[in-house]
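First comes the structure, then the notes that go with it.
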Amino acid sequence: MVDFLADNNLCGQAILRIVSRGNAIIAELLRLSEFIPNVFRLRDKAEQQKYGDIICDFSYFKGPDDYEGKLDSKSELQDLDEEFRENHIEILTRFYLAFESVHKYVFDLNRFLEDLNEGVYIQQTLETVLLNEDGKQLLCEALYLYGVMLLVIDHKIEGEVRERMLVSYYRYSAARSSSDSNLDDICKLLRSTGYSSQPGSKRPPNYPESYFQRVPINKTFISMVVGRLRSDDIYNQVSAYPLPEHRSTALGTQAALLYVILYFEPSTLHTQQAKMREIVDKYFPDNWVISIYMGITVNLIEAWEPYKAAKMALHYTLEQSNIREQAGRYGTNVDCLRQQVQQFLKEGFLREEYVLDHIPKLLNCLRDCNVTIRWLMLHTADFVYDPNNKRLRQIKDQVLNDSKYSPKTLFQLLLDSAQFEFVLKEMFKQMLSEKQVKWESYQKEGSERMTELAEVFSGVKPLTRVEKNENLQAWFREISKQISSLNYDDSTAAGRKTVQLIQALEEVQEFHQLETNLQICQFLADTRRFLHQMIRTINIKEEVLITMQIIGDLSYAWQLIDSYTSIMQEGIRASPSMVTKLKATFLKLASALDLPLMRINQANSPDLLSVSQYYSGELVAYVRKVLQIIPESMFRSLAKIIKLQTHNVMEVPTRLDKDKLKDYAQLDARYEVAKFTHAISIFTEGILMMKTTLVGIIKVDPKQLLEDGIRKELVRKVALALHKGLTFNPKAKTSELMPKLKEMAATMDGFYRSFEYIQDYVSIYGLKIWQEEVSRIINYNVEQECNNFLRTKILDWQSMYQSTHIPIPKFQQADGSTFIGRLCGEILRITDPKMTCYIEQINTWYDMKTHQEVTNKQLFSEIQNSLGTFGLNGLDRLLCFMIVKELQIFLNMLHRNVLRDRAVMDTIKPFQNQLTPIEGIVANSSKVYSATVTKTQKIWSYYLDSILKVGQMQILRQQIANELSYSCKFDSKHLAAALENLNQALLADVEAHYQDPTLPYPKDNNTLLYEITAYMEAAGIHNPLSKIYITTRRLPYFPVVNFLFLISQLPKVQYVKNQGMVCKKTTDPIDWPPLVVGLVTLLKQFHSRYTEHFLALIGQFVRSTVEQSTTSQKIPEMPADAVAALMFLENYVYYTKLPRKVVEAHVPSFIFDEFRTIL
């Protein structure tokens, strides 16, 4: 019969592909379960209120039209729904594909069984496949993996969450419109079962059998598979565990298969007492906690509680006497085995000869260790016993008491046996690789000794007192030939012949009285020794390694091992060199990867890489978690060092009086610093002893692990300090901003100095790591803060700043803000243009009522000191987003309250007609202007708020740019000069291109301009007022509306000689610089002709007002409104850096001259 797994065996390849895919699907489900968007859980009230109307479970399908109608009736719900779709469609699609693959899997399995029954595979039937060794393994695994998938889905992705995700996917994707979509079947298969993995939750009735029967599977197939599992040892594991008491461990994998598959045939569990008794006697006579797949554990007492036959069958296993016997046996084993293994691990004990002579003894010790560890780990694990179940509590307590269980001792045994296993495996691999070379060298040595002896008896060799003996000469020659003729490839015959040769050499010594000559005796003894070595060497078989691999399986502890993390970390803290022993344990754990990967590998599936990457990644993450104790301990010592250095150790001056030397020596304090520094270097040494190791398919470099660990701890500490340090009380009488920033600067300086101090002792680039990680923390928080202004949010797994190995912690704040958001909010609060007055010349904000200074440009230097350039830059980016949002809100308000309001438009249209021609003068101007302003009064308060906010944020951006530019020129003058030159050169090239299009210009795909902008902004070489924030369309009457707004605000301000334009009444507050800057920014977003028109209207206003005052007054004085308007034009030119002639085109120069005499 053709090999079942051969490439040309279609039947074998078909079922192998199905099983391979099953393992890959489970890995994908486990991977995705860590990325469930929290919003689908609808845990807190805020989420329920916000998303409750757009996230729905399967109740949606009862009336989808009503549901969609409800959404369509509210525009804000439509917006939210659209935004939600954009943010989640990618992850929903990934989940849906995983769910679909589960349905496709069972569909393909059923299809395969049908094909098998219908004779599609020639000469193959269900019976013949089950007779084949590989065939029965694959068929059992195919059904078992389907069961595991369903259990994993229910355990990791709750029923309600699945339903909500499927409904959202159905609504957002094109799946409902395509006819070949099997979404209905997937929904039927994966609808909620009512099961919850939360501790203490009740198990639904008929669970999981009703869930397993949602897609029917051939009954004959199920019963035949159960029959095979009951009777056969399908993996031939018993040969690796010859002792009868190890039988349940030998059949552990098969027991897991049977446990899952029995749910497809629940009648056996309920009523078939004889069958269940047989199953329990074979698989569970001494155990009741099993691992079903990659460390997912199940307690049979709880799992089989609802099934009468299964519960009765387990009764004898759970008798007190049996539990006491098993627990007591394994408990006493622990201490004996530890002594035994420690004896083996003593330096120089495991020599090659000893290992080769004692293979069975060593393997038996390994078996006992692994069986003991397995039983105790599974039966003492906390999470397999429900604390609310009295009976389970009693059994657990009995196991703990009878086995005298100590997690530390058990873990020590695991460490030692892993080390022992590792050493043995390495020795065997070494011996196997050198096997033939050594055998041939022993053969050559033996043969040469015999030839030399033959020559001794020829009487020619000068060996003292040996008479010539031709018979012995010929005999030894013959023996030499016999040894040379031994054939390495025919090991059985060679072994037999070698034994005979040894006997012959012993006999020749006795019969020919050769004992009298010591030299001849020595020759014979050496030859016998070489022949013995040949027998030992030929007996080195790969089977020993395979047996060690089987008995060393630790896949059951894939999740359990986490409960021993604290013990590992305590051990490392006490003795960092323990890391080398842990390495063996991690490698032992890596052997668990063989289980899911074996079939994927056999099928040559492309999934091999992604699945092995997932499991290897999980294991490496666990290794990192354990070893994180090293950076944590280092930072603890570091904190003490910094405390000593800043508070206790005095700086030694350059000149020092001899008699003061003793005071400065401070030997005790310096000894403490040295002690802690030594501790840090010992920890470093500990992790570096691990050497580069391959864990699964991921190479673990201890130096990289150490650096990542240090980065992780640094990120944790800095992020926490920023979170706690930058929280402000908005009700405080005087702002906490400056004191908190000073405090923060001191904290950050402490971290920085400590890092500078440590870098040489642990051999890392301190400054590089510091800058990279601090910038990452700040940029990540800015990104999260900017998400509030984005429609398509950047989720954690999409963020370029977030990392799985070195995660930036997220802190829950009631308002959901980050430290950068709170800092920005506090700055905006204390510089509020309705509360403060900004004096441009000295860059200072004063309180409008008390005239006390609120803050000044020193604030930005303080932010630079505490958060560095990244902090200022991040703040600048956040302000940009806020300005964009404010301008968008403003434009919506303009459309709603002005352009679509008929009453307002009926006022503005005739007003515009009265102002034409714009070059002329408006007759009876004060009446025309004031009447129109009065009619439109209600719209200006919104307008003013928006303009002032934009102006305030732009002034802050200017201050940030100044600070960045100053520090860049001061700290990195070459960078600043290079950037300025590059910028000028680029602009010159661009201008040249527009004058002569044949000259070069950056192409669309060239990111040069985009990248240099980021550099320029970081170095403060830019002007925020010339930035375009939003794209705009043409708006009618826009210059006129802005002009009206401006003249409506002019009466609120007055000119004071030493302060400039200030607010008249504090009851109607307004700050002049934000007003001007806000209008400059707003007009910058539109075509320049709007600015032209706007300036022309102000010019007309000034001319008309001055004209009216000259005719009405005898000694004409320039009206206050005209002064304010001219002041606005002056400031406008100053901020926009436009040439003066732009405004002089609209206002005669004599008016400006008169205006200057007032100033």
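Chains: A, B, ... in order of the structure tokens. Residues: from 1 per chain. Ligands: from 1, in order shown.
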
Might you pull out every residue within 10 Å of range 1103-1108 of chain A, with only C-alpha atoms counted and same-chain residues fewer than 2 positions away left off, and present them as an MDAnalysis selection string? chainID A and resid 919:926 929 1097:1101 1110:1113 1116:1123 1146:1148 1151

Backbone DSSP call of alpha helix (DSSP H) for range 471-685 of chain A, listed as JSON, numbers by chain: {"A": [471, 472, 473, 474, 475, 476, 477, 478, 479, 480, 481, 482, 483, 484, 485, 491, 492, 493, 494, 495, 496, 497, 498, 499, 500, 501, 502, 503, 504, 505, 506, 507, 508, 509, 510, 511, 518, 519, 520, 521, 522, 523, 524, 525, 526, 527, 528, 529, 530, 531, 532, 533, 534, 535, 536, 537, 538, 542, 543, 544, 545, 546, 547, 548, 549, 550, 551, 565, 566, 567, 568, 569, 570, 571, 572, 573, 574, 579, 580, 581, 582, 583, 584, 585, 586, 587, 588, 589, 590, 594, 595, 596, 597, 598, 599, 600, 601, 602, 607, 608, 609, 610, 611, 612, 613, 614, 615, 616, 617, 618, 619, 620, 621, 622, 623, 624, 625, 626, 627, 629, 630, 631, 632, 633, 634, 635, 636, 637, 638, 639, 640, 641, 642, 643, 661, 662, 663, 664, 665, 667, 668, 669, 670, 671, 672, 673, 674, 675, 676, 677, 678, 679, 680, 681, 682, 683, 684, 685]}

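Across A:Ser1149, A:Ser267, A:Gln1049, A:Gln340, the tightest approach to Asp1071 in chain A is made by A:Gln1049 when counting only C-alpha atoms.
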
I'd like the interatomic distance between CA of Ile806 in chain A and CA of Met578 in chain A, to a tenth of an Å.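 Between these atoms lies a distance of 23.8 Å.
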
Nearest to Gly147 in chain A by atom-to-atom distance, counting only C-alpha atoms, from A:Pro360, A:Pro833, A:Pro1036, A:Gly22: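 Closest candidate: A:Gly22.
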
What are the closest atom pairs, with distances in Å to one decimal, for all residues of range 361-390 of chain A lying within 12 Å of range 420-424 of chain A? Consider only C-alpha atoms, order rows by chain and residue number, and present the result as a tab-separated table.
residue	atom	partner	partner_atom	distance
A:Leu362	CA	A:Leu424	CA	8.9
A:Leu363	CA	A:Glu421	CA	9.3
A:Asn364	CA	A:Glu421	CA	11.9
A:Cys365	CA	A:Phe420	CA	10.0
A:Leu366	CA	A:Glu421	CA	7.3
A:Arg367	CA	A:Glu421	CA	10.4
A:Cys369	CA	A:Glu421	CA	10.2
A:Asn370	CA	A:Glu421	CA	10.1

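The smallest atom-to-atom distance between Met450 in chain A and any of A:Arg247, A:Arg528, A:Lys50, A:Arg191, using only C-alpha atoms, is found for A:Arg528.
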
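CA of Asp402 in chain A sits 8.9 Å away from CA of Arg329 in chain A.
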
Quick one: pick out all strand (DSSP E) residues within range 592-752 of chain A from a backbone DSSP run and write them as a PyMOL selection string. chain A and resi 693-695+698-700

Need to verify the contact set: Met848 in chain A, 7 Å, only C-alpha atoms, exclusion of same-chain residues closer than 6 positions in sequence. Can you return it as number ranges by chain? A: 835-837, 1066

Suppose you want the space between CA of Ser173 in chain A and CA of Glu86 in chain A; what is it in Å? 11.1 Å

Need to verify the contact set: Leu859 in chain A, 9 Å, only C-alpha atoms, exclusion of same-chain residues closer than 6 positions in sequence. Can you return it as a list in words? Leu737, Met738 and Leu741 of chain A

Give me, as JSON lines, each residue of range 822-845 of chain A that comes within 12 Å of range 783-804 of chain A, together with its shortest interatomic pair and the distance in Å at one decimal, counting only C-alpha atoms, with rows ordered by chain and rising residue number.
{"residue": "A:Arg822", "atom": "CA", "partner": "A:Glu785", "partner_atom": "CA", "distance": 9.7}
{"residue": "A:Leu823", "atom": "CA", "partner": "A:Glu785", "partner_atom": "CA", "distance": 11.4}
{"residue": "A:Cys824", "atom": "CA", "partner": "A:Glu785", "partner_atom": "CA", "distance": 10.3}
{"residue": "A:Gly825", "atom": "CA", "partner": "A:Glu785", "partner_atom": "CA", "distance": 11.4}

Please identify all polymer residues within 12 Å of Gln841 in chain A, counting only C-alpha atoms, omitting same-chain residues fewer than 4 positions from it, and present them as a PyMOL selection string. chain A and resi 845+856-857+1058-1060+1073

For the selection you just gave me, I'd like the residues written to a file as a PDB file, in the first residue's frame, keeping all heavy atoms.
ATOM      1  N   TRP A 845       1.354  87.757  29.443  1.00  0.00           N
ATOM      2  CA  TRP A 845      -0.101  87.816  29.627  1.00  0.00           C
ATOM      3  C   TRP A 845      -0.397  88.401  31.012  1.00  0.00           C
ATOM      4  O   TRP A 845       0.208  87.964  32.008  1.00  0.00           O
ATOM      5  CB  TRP A 845      -0.709  86.416  29.552  1.00  0.00           C
ATOM      6  CG  TRP A 845      -0.855  85.862  28.173  1.00  0.00           C
ATOM      7  CD1 TRP A 845      -1.961  85.896  27.379  1.00  0.00           C
ATOM      8  CD2 TRP A 845       0.134  85.130  27.425  1.00  0.00           C
ATOM      9  NE1 TRP A 845      -1.718  85.260  26.171  1.00  0.00           N
ATOM     10  CE2 TRP A 845      -0.437  84.773  26.176  1.00  0.00           C
ATOM     11  CE3 TRP A 845       1.449  84.759  27.672  1.00  0.00           C
ATOM     12  CZ2 TRP A 845       0.248  84.067  25.196  1.00  0.00           C
ATOM     13  CZ3 TRP A 845       2.146  84.046  26.701  1.00  0.00           C
ATOM     14  CH2 TRP A 845       1.539  83.715  25.474  1.00  0.00           C
ATOM     15  N   ASN A 856       4.466  84.309  31.174  1.00  0.00           N
ATOM     16  CA  ASN A 856       5.234  84.969  30.106  1.00  0.00           C
ATOM     17  C   ASN A 856       5.974  83.923  29.290  1.00  0.00           C
ATOM     18  O   ASN A 856       5.732  82.720  29.432  1.00  0.00           O
ATOM     19  CB  ASN A 856       6.210  85.984  30.707  1.00  0.00           C
ATOM     20  CG  ASN A 856       7.097  85.327  31.751  1.00  0.00           C
ATOM     21  OD1 ASN A 856       7.353  84.130  31.694  1.00  0.00           O
ATOM     22  ND2 ASN A 856       7.550  86.106  32.705  1.00  0.00           N
ATOM     23  N   LYS A 857       6.918  84.373  28.448  1.00  0.00           N
ATOM     24  CA  LYS A 857       7.579  83.431  27.545  1.00  0.00           C
ATOM     25  C   LYS A 857       8.419  82.401  28.308  1.00  0.00           C
ATOM     26  O   LYS A 857       8.824  81.386  27.741  1.00  0.00           O
ATOM     27  CB  LYS A 857       8.432  84.184  26.516  1.00  0.00           C
ATOM     28  CG  LYS A 857       9.583  84.973  27.135  1.00  0.00           C
ATOM     29  CD  LYS A 857      10.377  85.680  26.066  1.00  0.00           C
ATOM     30  CE  LYS A 857      11.491  86.498  26.701  1.00  0.00           C
ATOM     31  NZ  LYS A 857      12.156  87.361  25.751  1.00  0.00           N
ATOM     32  N   ASN A1058       0.960 103.555  26.601  1.00  0.00           N
ATOM     33  CA  ASN A1058       2.049 102.633  26.942  1.00  0.00           C
ATOM     34  C   ASN A1058       1.666 101.158  26.831  1.00  0.00           C
ATOM     35  O   ASN A1058       2.466 100.275  27.099  1.00  0.00           O
ATOM     36  CB  ASN A1058       2.589 102.925  28.354  1.00  0.00           C
ATOM     37  CG  ASN A1058       1.494 102.780  29.394  1.00  0.00           C
ATOM     38  OD1 ASN A1058       0.325 102.669  29.029  1.00  0.00           O
ATOM     39  ND2 ASN A1058       1.848 102.796  30.663  1.00  0.00           N
ATOM     40  N   GLN A1059       0.380 100.883  26.469  1.00  0.00           N
ATOM     41  CA  GLN A1059      -0.035  99.469  26.353  1.00  0.00           C
ATOM     42  C   GLN A1059      -0.548  99.098  24.975  1.00  0.00           C
ATOM     43  O   GLN A1059      -0.685  97.924  24.660  1.00  0.00           O
ATOM     44  CB  GLN A1059      -1.153  99.174  27.372  1.00  0.00           C
ATOM     45  CG  GLN A1059      -0.690  99.256  28.813  1.00  0.00           C
ATOM     46  CD  GLN A1059      -1.871  99.214  29.777  1.00  0.00           C
ATOM     47  OE1 GLN A1059      -3.010  98.957  29.386  1.00  0.00           O
ATOM     48  NE2 GLN A1059      -1.614  99.511  31.043  1.00  0.00           N
ATOM     49  N   GLY A1060      -0.858 100.083  24.166  1.00  0.00           N
ATOM     50  CA  GLY A1060      -1.451  99.764  22.867  1.00  0.00           C
ATOM     51  C   GLY A1060      -2.960  99.645  23.003  1.00  0.00           C
ATOM     52  O   GLY A1060      -3.567 100.306  23.843  1.00  0.00           O
ATOM     53  N   PRO A1073      -4.571  91.512  20.481  1.00  0.00           N
ATOM     54  CA  PRO A1073      -3.690  90.693  19.624  1.00  0.00           C
ATOM     55  C   PRO A1073      -4.347  89.387  19.122  1.00  0.00           C
ATOM     56  O   PRO A1073      -4.285  89.099  17.922  1.00  0.00           O
ATOM     57  CB  PRO A1073      -2.479  90.408  20.519  1.00  0.00           C
ATOM     58  CG  PRO A1073      -2.471  91.529  21.493  1.00  0.00           C
ATOM     59  CD  PRO A1073      -3.900  91.867  21.739  1.00  0.00           C
TER      60      PRO A1073
END

Extract, using only C-alpha atoms, all DNA, RNA and protein residues at most 12 Å from Lys541 in chain A, discarding same-chain residues fewer than 6 positions from it, and format them as a tab-separated table (two decimals) with C-alpha atoms, in the first residue's frame.
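Result file is selection.tsv:
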chain	number	residue	atom	x	y	z
A	356	LEU	CA	26.49	5.22	27.34
A	359	ILE	CA	21.06	5.09	29.21
A	428	PHE	CA	23.67	12.75	22.62
A	429	LYS	CA	23.57	15.10	19.64
A	431	MET	CA	27.87	11.69	20.18
A	432	LEU	CA	25.53	11.00	17.27
A	433	SER	CA	27.38	13.44	15.04
A	435	LYS	CA	29.51	8.25	16.06
A	436	GLN	CA	31.08	6.86	12.86
A	491	SER	CA	25.60	-2.71	13.13
A	535	ILE	CA	29.88	-1.75	21.04
A	547	THR	CA	12.19	9.20	23.49
A	548	MET	CA	13.64	12.18	25.37

Selected residue of minimal separation from Gln137 in chain A among A:Tyr1015, A:Phe4, A:Tyr96, A:Tyr105, counting only C-alpha atoms: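 So, comparing all the options, the nearest one is A:Phe4.
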